[in-house]
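Asks: So I've got this file, coords_37.csv, and it contains CSV, N, CA and C atoms:
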chain,number,residue,atom,x,y,z
A,1,MET,N,23.0,10.9,-6.4
A,1,MET,CA,21.6,11.2,-6.8
A,1,MET,C,21.1,9.9,-7.6
A,2,ALA,N,19.9,9.5,-7.3
A,2,ALA,CA,19.3,8.3,-7.9
A,2,ALA,C,18.9,8.7,-9.4
A,3,ALA,N,18.8,7.6,-10.2
A,3,ALA,CA,18.4,7.8,-11.6
A,3,ALA,C,17.1,8.6,-11.8
A,4,ASN,N,16.1,8.3,-11.0
A,4,ASN,CA,14.8,9.0,-11.2
A,4,ASN,C,14.9,10.5,-10.9
A,5,GLU,N,15.8,10.9,-9.9
A,5,GLU,CA,16.0,12.3,-9.6
A,5,GLU,C,16.8,13.0,-10.8
A,6,GLU,N,17.8,12.3,-11.3
A,6,GLU,CA,18.5,12.9,-12.4
A,6,GLU,C,17.7,13.1,-13.6
A,7,ALA,N,16.8,12.1,-13.9
A,7,ALA,CA,16.0,12.2,-15.1
A,7,ALA,C,14.8,13.0,-15.0
A,8,GLY,N,14.5,13.4,-13.7
A,8,GLY,CA,13.3,14.2,-13.5
A,8,GLY,C,12.0,13.4,-13.5
A,9,THR,N,12.1,12.1,-13.4
A,9,THR,CA,10.9,11.2,-13.4
A,9,THR,C,10.5,11.0,-11.9
A,10,VAL,N,9.3,10.5,-11.8
A,10,VAL,CA,8.7,10.2,-10.5
A,10,VAL,C,8.5,8.7,-10.3
A,11,ALA,N,8.5,8.3,-9.0
A,11,ALA,CA,8.3,7.0,-8.6
A,11,ALA,C,7.2,6.9,-7.5
A,12,VAL,N,6.6,5.8,-7.4
A,12,VAL,CA,5.7,5.7,-6.2
A,12,VAL,C,6.5,5.3,-5.0
A,13,ARG,N,6.3,6.1,-4.0
A,13,ARG,CA,7.0,5.9,-2.7
A,13,ARG,C,6.0,5.7,-1.6
A,14,ALA,N,6.4,4.9,-0.6
A,14,ALA,CA,5.6,4.6,0.6
A,14,ALA,C,6.3,5.4,1.7
A,15,ILE,N,5.6,6.2,2.5
A,15,ILE,CA,6.2,7.0,3.5
A,15,ILE,C,5.5,6.7,4.8
A,16,ARG,N,6.2,6.3,5.8
A,16,ARG,CA,5.7,6.0,7.1
A,16,ARG,C,5.6,7.1,8.1
A,17,GLY,N,4.7,7.1,9.0
A,17,GLY,CA,4.6,8.1,10.1
A,17,GLY,C,3.8,7.5,11.2
A,18,ALA,N,4.0,8.1,12.4
A,18,ALA,CA,3.2,7.7,13.6
A,18,ALA,C,3.3,8.8,14.6
A,19,THR,N,2.2,8.9,15.4
A,19,THR,CA,2.2,9.8,16.5
A,19,THR,C,1.5,9.1,17.7
A,20,GLN,N,1.8,9.6,18.9
A,20,GLN,CA,1.1,9.1,20.1
A,20,GLN,C,0.2,10.1,20.7
A,21,LEU,N,-0.9,9.7,21.1
A,21,LEU,CA,-1.9,10.6,21.8
A,21,LEU,C,-1.7,10.5,23.3
A,22,GLU,N,-2.1,11.5,24.0
A,22,GLU,CA,-2.1,11.5,25.4
A,22,GLU,C,-3.4,10.8,26.0
A,23,ALA,N,-4.5,11.0,25.2
A,23,ALA,CA,-5.8,10.4,25.6
A,23,ALA,C,-6.6,10.1,24.4
A,24,ASP,N,-7.6,9.2,24.5
A,24,ASP,CA,-8.5,8.9,23.4
A,24,ASP,C,-9.6,9.9,23.4
A,25,GLU,N,-9.3,11.1,22.9
A,25,GLU,CA,-10.4,12.1,22.8
A,25,GLU,C,-10.4,12.6,21.4
A,26,ARG,N,-11.6,12.8,20.9
A,26,ARG,CA,-11.8,13.1,19.5
A,26,ARG,C,-11.0,14.2,19.0
A,27,GLU,N,-11.1,15.4,19.6
A,27,GLU,CA,-10.4,16.6,19.1
A,27,GLU,C,-8.9,16.4,19.2
A,28,HIS,N,-8.4,15.7,20.2
A,28,HIS,CA,-7.0,15.4,20.3
A,28,HIS,C,-6.5,14.5,19.2
A,29,LEU,N,-7.3,13.5,18.9
A,29,LEU,CA,-6.9,12.5,17.8
A,29,LEU,C,-6.9,13.3,16.5
A,30,LEU,N,-7.9,14.1,16.2
A,30,LEU,CA,-7.9,14.9,15.0
A,30,LEU,C,-6.7,15.8,14.9
A,31,GLU,N,-6.4,16.5,16.0
A,31,GLU,CA,-5.3,17.4,16.0
A,31,GLU,C,-4.0,16.7,15.7
A,32,ARG,N,-3.7,15.6,16.4
A,32,ARG,CA,-2.4,14.9,16.2
A,32,ARG,C,-2.4,14.2,14.9
A,33,SER,N,-3.5,13.7,14.4
A,33,SER,CA,-3.5,13.1,13.0
A,33,SER,C,-3.2,14.1,11.9
A,34,ALA,N,-3.9,15.3,12.0
A,34,ALA,CA,-3.6,16.3,11.1
A,34,ALA,C,-2.2,16.8,11.1
A,35,GLU,N,-1.6,16.9,12.3
A,35,GLU,CA,-0.2,17.3,12.5
A,35,GLU,C,0.7,16.3,11.8
A,36,LEU,N,0.4,15.0,12.0
A,36,LEU,CA,1.2,14.0,11.3
A,36,LEU,C,1.2,14.1,9.8
A,37,VAL,N,0.0,14.2,9.3
A,37,VAL,CA,-0.2,14.3,7.8
A,37,VAL,C,0.6,15.5,7.3
A,38,ARG,N,0.4,16.6,7.9
A,38,ARG,CA,1.1,17.9,7.5
A,38,ARG,C,2.6,17.7,7.6
A,39,ALA,N,3.1,17.1,8.6
A,39,ALA,CA,4.5,16.9,8.8
A,39,ALA,C,5.1,16.0,7.8
A,40,VAL,N,4.5,14.9,7.4
A,40,VAL,CA,5.0,14.0,6.3
A,40,VAL,C,5.0,14.8,5.0
A,41,LEU,N,3.9,15.5,4.7
A,41,LEU,CA,3.9,16.2,3.4
A,41,LEU,C,5.0,17.3,3.4
A,42,GLU,N,5.1,18.0,4.4
A,42,GLU,CA,6.2,19.0,4.5
A,42,GLU,C,7.6,18.4,4.4
A,43,ALA,N,7.8,17.4,5.1
A,43,ALA,CA,9.2,16.8,5.1
A,43,ALA,C,9.6,16.2,3.8
A,44,ASN,N,8.6,15.9,3.0
A,44,ASN,CA,8.9,15.3,1.7
A,44,ASN,C,8.5,16.1,0.5
A,45,ASP,N,8.2,17.4,0.7
A,45,ASP,CA,7.8,18.4,-0.3
A,45,ASP,C,6.7,17.8,-1.2
A,46,LEU,N,5.6,17.4,-0.5
A,46,LEU,CA,4.5,16.8,-1.3
A,46,LEU,C,3.3,17.7,-1.1
A,47,GLY,N,2.5,17.7,-2.2
A,47,GLY,CA,1.2,18.4,-2.2
A,47,GLY,C,0.1,17.3,-2.3
A,48,ALA,N,-1.1,17.7,-2.2
A,48,ALA,CA,-2.2,16.8,-2.3
A,48,ALA,C,-2.2,16.1,-3.7
A,49,GLU,N,-1.8,16.8,-4.7
A,49,GLU,CA,-1.8,16.3,-6.1
A,49,GLU,C,-0.8,15.1,-6.2
A,50,ASP,N,0.2,15.0,-5.3
A,50,ASP,CA,1.2,14.0,-5.4
A,50,ASP,C,0.7,12.7,-4.7
A,51,LEU,N,-0.4,12.8,-3.9
A,51,LEU,CA,-0.8,11.6,-3.1
A,51,LEU,C,-1.6,10.6,-3.9
A,52,ILE,N,-1.3,9.4,-3.7
A,52,ILE,CA,-2.1,8.3,-4.3
A,52,ILE,C,-3.1,7.8,-3.2
A,53,SER,N,-2.7,7.5,-2.0
A,53,SER,CA,-3.6,7.1,-0.9
A,53,SER,C,-2.9,7.2,0.4
A,54,ILE,N,-3.7,7.2,1.5
A,54,ILE,CA,-3.1,7.1,2.8
A,54,ILE,C,-3.9,6.0,3.6
A,55,LEU,N,-3.1,5.2,4.2
A,55,LEU,CA,-3.6,4.2,5.1
A,55,LEU,C,-3.3,4.6,6.5
A,56,PHE,N,-4.3,4.6,7.4
A,56,PHE,CA,-4.1,4.9,8.8
A,56,PHE,C,-4.4,3.7,9.6
A,57,THR,N,-3.7,3.5,10.7
A,57,THR,CA,-4.0,2.4,11.6
A,57,THR,C,-4.0,3.1,13.0
A,58,VAL,N,-4.8,2.5,13.9
A,58,VAL,CA,-4.8,2.9,15.3
A,58,VAL,C,-4.7,1.7,16.2
A,59,THR,N,-4.1,1.9,17.3
A,59,THR,CA,-4.0,0.8,18.3
A,59,THR,C,-5.5,0.6,18.9
A,60,PRO,N,-5.7,-0.6,19.4
A,60,PRO,CA,-7.1,-0.9,19.8
A,60,PRO,C,-7.7,-0.1,20.9
A,61,ASP,N,-6.8,0.7,21.6
A,61,ASP,CA,-7.3,1.6,22.6
A,61,ASP,C,-7.8,2.9,22.1
A,62,LEU,N,-7.8,3.2,20.8
A,62,LEU,CA,-8.3,4.4,20.2
A,62,LEU,C,-9.5,4.1,19.4
A,63,HIS,N,-10.6,4.8,19.7
A,63,HIS,CA,-11.9,4.6,19.0
A,63,HIS,C,-12.7,5.9,19.0
A,64,SER,N,-12.2,7.0,19.4
A,64,SER,CA,-13.0,8.2,19.5
A,64,SER,C,-13.3,8.8,18.1
A,65,GLU,N,-12.5,8.5,17.1
A,65,GLU,CA,-12.7,9.1,15.7
A,65,GLU,C,-11.8,8.4,14.7
A,66,PHE,N,-12.2,8.5,13.5
A,66,PHE,CA,-11.3,7.9,12.4
A,66,PHE,C,-10.2,9.0,12.1
A,67,PRO,N,-9.0,8.6,12.0
A,67,PRO,CA,-7.9,9.6,11.7
A,67,PRO,C,-8.1,10.2,10.3
A,68,ALA,N,-8.8,9.4,9.4
A,68,ALA,CA,-9.1,9.9,8.0
A,68,ALA,C,-9.9,11.2,8.1
A,69,VAL,N,-10.7,11.4,9.1
A,69,VAL,CA,-11.5,12.6,9.2
A,69,VAL,C,-10.5,13.8,9.3
A,70,ALA,N,-9.4,13.7,9.9
A,70,ALA,CA,-8.4,14.8,10.0
A,70,ALA,C,-7.9,15.1,8.6
A,71,GLY,N,-7.7,14.1,7.8
A,71,GLY,CA,-7.2,14.3,6.4
A,71,GLY,C,-8.2,15.0,5.6
A,72,ARG,N,-9.5,14.7,5.8
A,72,ARG,CA,-10.6,15.4,5.1
A,72,ARG,C,-10.6,16.9,5.5
A,73,GLN,N,-10.5,17.1,6.8
A,73,GLN,CA,-10.6,18.4,7.4
A,73,GLN,C,-9.5,19.3,6.9
A,74,ILE,N,-8.3,18.8,6.6
A,74,ILE,CA,-7.2,19.6,6.1
A,74,ILE,C,-7.2,19.7,4.6
A,75,GLY,N,-8.2,19.2,3.9
A,75,GLY,CA,-8.3,19.4,2.5
A,75,GLY,C,-8.1,18.2,1.6
A,76,LEU,N,-7.8,17.1,2.1
A,76,LEU,CA,-7.5,15.9,1.3
A,76,LEU,C,-8.8,15.2,0.9
A,77,THR,N,-9.7,15.9,0.1
A,77,THR,CA,-11.0,15.5,-0.2
A,77,THR,C,-11.1,14.5,-1.3
A,78,ASP,N,-10.0,14.5,-2.2
A,78,ASP,CA,-10.1,13.6,-3.3
A,78,ASP,C,-9.0,12.5,-3.3
A,79,VAL,N,-8.4,12.3,-2.1
A,79,VAL,CA,-7.4,11.3,-1.9
A,79,VAL,C,-8.0,10.1,-1.2
A,80,PRO,N,-7.9,8.9,-1.7
A,80,PRO,CA,-8.4,7.8,-0.9
A,80,PRO,C,-7.7,7.6,0.4
A,81,LEU,N,-8.5,7.6,1.5
A,81,LEU,CA,-8.0,7.4,2.9
A,81,LEU,C,-8.7,6.2,3.5
A,82,MET,N,-8.0,5.4,4.2
A,82,MET,CA,-8.6,4.2,4.9
A,82,MET,C,-8.1,4.1,6.3
A,83,CYS,N,-8.9,3.6,7.2
A,83,CYS,CA,-8.5,3.4,8.6
A,83,CYS,C,-8.7,1.9,8.9
A,84,MET,N,-7.7,1.5,9.7
A,84,MET,CA,-7.7,0.1,10.2
A,84,MET,C,-7.3,0.0,11.6
A,85,GLN,N,-7.5,-1.1,12.3
A,85,GLN,CA,-7.1,-1.3,13.7
A,85,GLN,C,-5.8,-2.2,13.7
A,86,GLU,N,-4.8,-1.8,14.5
A,86,GLU,CA,-3.6,-2.6,14.6
A,86,GLU,C,-4.0,-3.9,15.4
A,87,ILE,N,-3.1,-4.9,15.3
A,87,ILE,CA,-3.3,-6.1,16.1
A,87,ILE,C,-3.0,-5.7,17.5
A,88,ASP,N,-3.7,-6.4,18.4
A,88,ASP,CA,-3.6,-6.1,19.9
A,88,ASP,C,-2.4,-6.9,20.5
A,89,VAL,N,-1.2,-6.3,20.4
A,89,VAL,CA,0.0,-6.9,21.0
A,89,VAL,C,0.1,-6.4,22.4
A,90,PRO,N,0.2,-7.2,23.4
A,90,PRO,CA,0.3,-6.8,24.8
A,90,PRO,C,1.3,-5.8,25.2
A,91,HIS,N,2.5,-5.8,24.6
A,91,HIS,CA,3.5,-4.9,25.0
A,91,HIS,C,3.7,-3.7,24.0
A,92,ALA,N,2.7,-3.5,23.1
A,92,ALA,CA,2.7,-2.4,22.2
A,92,ALA,C,2.6,-1.0,22.8
A,93,LEU,N,3.2,0.0,22.2
A,93,LEU,CA,3.0,1.4,22.7
A,93,LEU,C,1.5,1.7,22.6
A,94,PRO,N,0.9,2.3,23.6
A,94,PRO,CA,-0.5,2.6,23.6
A,94,PRO,C,-0.8,3.9,22.8
A,95,ARG,N,-2.1,4.1,22.4
A,95,ARG,CA,-2.6,5.3,21.8
A,95,ARG,C,-1.8,5.8,20.7
A,96,VAL,N,-1.5,4.9,19.7
A,96,VAL,CA,-0.7,5.3,18.5
A,96,VAL,C,-1.6,5.3,17.3
A,97,VAL,N,-1.4,6.4,16.5
A,97,VAL,CA,-1.9,6.5,15.1
A,97,VAL,C,-0.7,6.3,14.2
A,98,ARG,N,-0.8,5.4,13.3
A,98,ARG,CA,0.2,5.2,12.3
A,98,ARG,C,-0.4,5.5,11.0
A,99,MET,N,0.5,5.8,10.0
A,99,MET,CA,0.0,6.0,8.7
A,99,MET,C,1.1,5.6,7.7
A,100,MET,N,0.6,5.2,6.5
A,100,MET,CA,1.5,5.0,5.4
A,100,MET,C,0.9,5.7,4.2
A,101,VAL,N,1.7,6.7,3.7
A,101,VAL,CA,1.3,7.5,2.6
A,101,VAL,C,1.9,6.9,1.3
A,102,HIS,N,1.1,6.7,0.3
A,102,HIS,CA,1.6,6.3,-1.0
A,102,HIS,C,1.6,7.6,-1.9
A,103,ALA,N,2.7,8.0,-2.4
A,103,ALA,CA,2.8,9.2,-3.2
A,103,ALA,C,3.7,9.1,-4.4
A,104,GLU,N,3.5,9.9,-5.4
A,104,GLU,CA,4.5,10.0,-6.5
A,104,GLU,C,5.5,11.1,-6.1
A,105,SER,N,6.8,10.7,-6.2
A,105,SER,CA,7.8,11.6,-5.8
A,105,SER,C,9.1,11.4,-6.6
A,106,PRO,N,9.8,12.5,-6.9
A,106,PRO,CA,11.1,12.4,-7.6
A,106,PRO,C,12.2,12.0,-6.7
A,107,ARG,N,11.9,11.9,-5.4
A,107,ARG,CA,13.0,11.6,-4.4
A,107,ARG,C,13.3,10.1,-4.5
A,108,SER,N,14.6,9.8,-4.3
A,108,SER,CA,15.0,8.4,-4.2
A,108,SER,C,14.5,7.8,-2.9
A,109,ARG,N,14.4,6.5,-2.8
A,109,ARG,CA,14.0,5.9,-1.5
A,109,ARG,C,14.8,6.4,-0.3
A,110,GLU,N,16.1,6.5,-0.5
A,110,GLU,CA,16.9,6.9,0.6
A,110,GLU,C,16.7,8.4,1.1
A,111,LYS,N,16.1,9.2,0.3
A,111,LYS,CA,15.8,10.6,0.6
A,111,LYS,C,14.4,10.8,1.2
A,112,ILE,N,13.6,9.8,1.2
A,112,ILE,CA,12.3,9.9,1.8
A,112,ILE,C,12.4,10.1,3.3
A,113,GLN,N,11.6,11.0,3.8
A,113,GLN,CA,11.7,11.3,5.3
A,113,GLN,C,10.4,10.7,5.9
A,114,HIS,N,10.6,9.7,6.8
A,114,HIS,CA,9.6,9.1,7.6
A,114,HIS,C,9.5,10.0,8.8
A,115,VAL,N,8.3,10.1,9.4
A,115,VAL,CA,8.0,11.1,10.4
A,115,VAL,C,7.4,10.4,11.6
A,116,TYR,N,8.0,10.5,12.8
A,116,TYR,CA,7.5,10.0,14.0
A,116,TYR,C,7.5,11.1,15.1
A,117,LEU,N,6.3,11.3,15.6
A,117,LEU,CA,6.0,12.5,16.5
A,117,LEU,C,5.7,12.0,17.9
A,118,HIS,N,5.9,12.9,18.9
A,118,HIS,CA,5.6,12.7,20.3
A,118,HIS,C,6.1,11.4,20.8
A,119,GLY,N,5.4,10.6,21.5
A,119,GLY,CA,5.9,9.3,22.1
A,119,GLY,C,6.2,8.3,21.0
A,120,ALA,N,5.7,8.4,19.8
A,120,ALA,CA,5.9,7.5,18.7
A,120,ALA,C,7.4,7.5,18.2
A,121,VAL,N,8.2,8.5,18.6
A,121,VAL,CA,9.6,8.6,18.3
A,121,VAL,C,10.3,7.3,18.7
A,122,SER,N,9.8,6.7,19.8
A,122,SER,CA,10.4,5.5,20.3
A,122,SER,C,10.2,4.3,19.4
A,123,LEU,N,9.3,4.3,18.5
A,123,LEU,CA,9.0,3.2,17.6
A,123,LEU,C,10.1,3.0,16.6
A,124,ARG,N,10.7,4.0,16.2
A,124,ARG,CA,11.8,3.9,15.2
A,124,ARG,C,13.0,4.9,15.5
A,125,PRO,N,13.7,4.6,16.6
A,125,PRO,CA,14.8,5.5,16.9
A,125,PRO,C,15.9,5.5,15.8
A,126,ASP,N,15.9,4.5,15.0
A,126,ASP,CA,16.9,4.5,13.9
A,126,ASP,C,16.5,5.6,12.8
A,127,LEU,N,15.3,6.0,12.8
A,127,LEU,CA,14.8,7.0,11.8
A,127,LEU,C,14.7,8.4,12.4
A,128,THR,N,14.7,8.4,13.7
A,128,THR,CA,14.4,9.7,14.4
A,128,THR,C,15.6,10.3,15.1
A,129,GLY,N,16.6,9.5,15.2
A,129,GLY,CA,17.8,10.0,16.0
A,129,GLY,C,17.6,9.9,17.5
A,130,ALA,N,16.6,9.2,17.9
A,130,ALA,CA,16.3,9.1,19.4
A,130,ALA,C,17.0,7.9,20.0
A,131,GLN,N,18.1,7.4,19.5
A,131,GLN,CA,18.8,6.2,20.0
A,131,GLN,C,19.5,6.5,21.3
For the file at hand, write its structure as structure tokens.

Replies:
Amino acid sequence: MAANEEAGTVAVRAIRGATQLEADEREHLLERSAELVRAVLEANDLGAEDLISILFTVTPDLHSEFPAVAGRQIGLTDVPLMCMQEIDVPHALPRVVRMMVHAESPRSREKIQHVYLHGAVSLRPDLTGAQ
């Protein structure tokens, strides 16, 4: 157990996640983005009060909606959310929403659970067991 867990203190942690969409459709993007946010929060025992900020990125082929809208729709109304576009790398996995959550957590870095859903599992097989 890490020192911050033993002492009951919290640290700022960065938690990664990603999901892949089947198509660039607004409702589908909002559904998958909300699913991703919920999955990261659940996997790391976090509530909205633990969140500092969330950064979302989308591949250049996604433009039907901002993923942050999904965060607002599920109740993250006082958490700073920002959306950005990924660089356009020719061999990159298409239709991907990525996010980085900054949160206060008593978990050690090794116990943080990064979440990759749908086709995005292939982005980090070392973290998802998809090797």

Asks: I'd like the contact shell of Glu31 of chain A - 8 Å cut-off, only C-alpha atoms, skipping same-chain residues fewer than 4 positions apart - returned as a PyMOL selection string.

Replies: chain A and resi 27+35+70

Asks: If you take only C-alpha atoms and a cut-off of 8 Å, which residues of segment 31-52 of chain A touch segment 11-24 of chain A, and what are their nearest atom pairs and distances in Å to one decimal, in chain and number order, as CSV?

Replies:
residue,atom,partner,partner_atom,distance
A:Arg32,CA,A:Thr19,CA,6.9
A:Ser33,CA,A:Thr19,CA,7.5
A:Leu36,CA,A:Thr19,CA,6.8
A:Val40,CA,A:Gly17,CA,7.0

Asks: Any chance you could list, as a PyMOL selection string, the residues in segment 9-49 of chain A that come up strand (DSSP E or B) when DSSP is run on the backbone?

Replies: chain A and resi 11-20

Asks: Quick one: distance from atom C of Leu62 of chain A to atom CA of Ala48 of chain A in Å, one decimal?

Replies: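 That distance, rounded to one decimal, is 26.2 Å.
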
Asks: Could you check how far atom C of Leu30 of chain A sits from atom CA of Ile112 of chain A, in Å to one decimal?

Replies: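 The value is 23.8 Å.
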
Asks: Go through A:Gly75, A:Gly119, A:Pro90, A:Pro67 one by one, measure the shortest atom-to-atom distance of each to Glu25 of chain A using only C-alpha atoms, and give the residue with the smallest value.

Replies: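 Ranking A:Gly75, A:Gly119, A:Pro90, A:Pro67 by distance to Glu25 of chain A, first place goes to A:Pro67.
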
Asks: Name all residues at most 12 Å from Ile87 of chain A (count only C-alpha atoms; drop same-chain ones fewer than 5 positions away) and give them as a PDB file with N, CA and C atoms, in the frame of the given file.

Replies:
ATOM      1  N   THR A  57      -3.700   3.500  10.700  1.00  0.00           N
ATOM      2  CA  THR A  57      -4.000   2.400  11.600  1.00  0.00           C
ATOM      3  C   THR A  57      -4.000   3.100  13.000  1.00  0.00           C
ATOM      4  N   VAL A  58      -4.800   2.500  13.900  1.00  0.00           N
ATOM      5  CA  VAL A  58      -4.800   2.900  15.300  1.00  0.00           C
ATOM      6  C   VAL A  58      -4.700   1.700  16.200  1.00  0.00           C
ATOM      7  N   THR A  59      -4.100   1.900  17.300  1.00  0.00           N
ATOM      8  CA  THR A  59      -4.000   0.800  18.300  1.00  0.00           C
ATOM      9  C   THR A  59      -5.500   0.600  18.900  1.00  0.00           C
ATOM     10  N   PRO A  60      -5.700  -0.600  19.400  1.00  0.00           N
ATOM     11  CA  PRO A  60      -7.100  -0.900  19.800  1.00  0.00           C
ATOM     12  C   PRO A  60      -7.700  -0.100  20.900  1.00  0.00           C
ATOM     13  N   ASP A  61      -6.800   0.700  21.600  1.00  0.00           N
ATOM     14  CA  ASP A  61      -7.300   1.600  22.600  1.00  0.00           C
ATOM     15  C   ASP A  61      -7.800   2.900  22.100  1.00  0.00           C
ATOM     16  N   ALA A  92       2.700  -3.500  23.100  1.00  0.00           N
ATOM     17  CA  ALA A  92       2.700  -2.400  22.200  1.00  0.00           C
ATOM     18  C   ALA A  92       2.600  -1.000  22.800  1.00  0.00           C
ATOM     19  N   LEU A  93       3.200   0.000  22.200  1.00  0.00           N
ATOM     20  CA  LEU A  93       3.000   1.400  22.700  1.00  0.00           C
ATOM     21  C   LEU A  93       1.500   1.700  22.600  1.00  0.00           C
ATOM     22  N   PRO A  94       0.900   2.300  23.600  1.00  0.00           N
ATOM     23  CA  PRO A  94      -0.500   2.600  23.600  1.00  0.00           C
ATOM     24  C   PRO A  94      -0.800   3.900  22.800  1.00  0.00           C
ATOM     25  N   VAL A  96      -1.500   4.900  19.700  1.00  0.00           N
ATOM     26  CA  VAL A  96      -0.700   5.300  18.500  1.00  0.00           C
ATOM     27  C   VAL A  96      -1.600   5.300  17.300  1.00  0.00           C
TER      28      VAL A  96
END

Asks: Which residue out of A:Glu104, A:Met82, A:Ser64, A:Glu49 has the minimum interatomic distance to Arg26 of chain A when all atoms listed in the file are used?

Replies: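 Under the stated criterion, the closest residue is A:Ser64.
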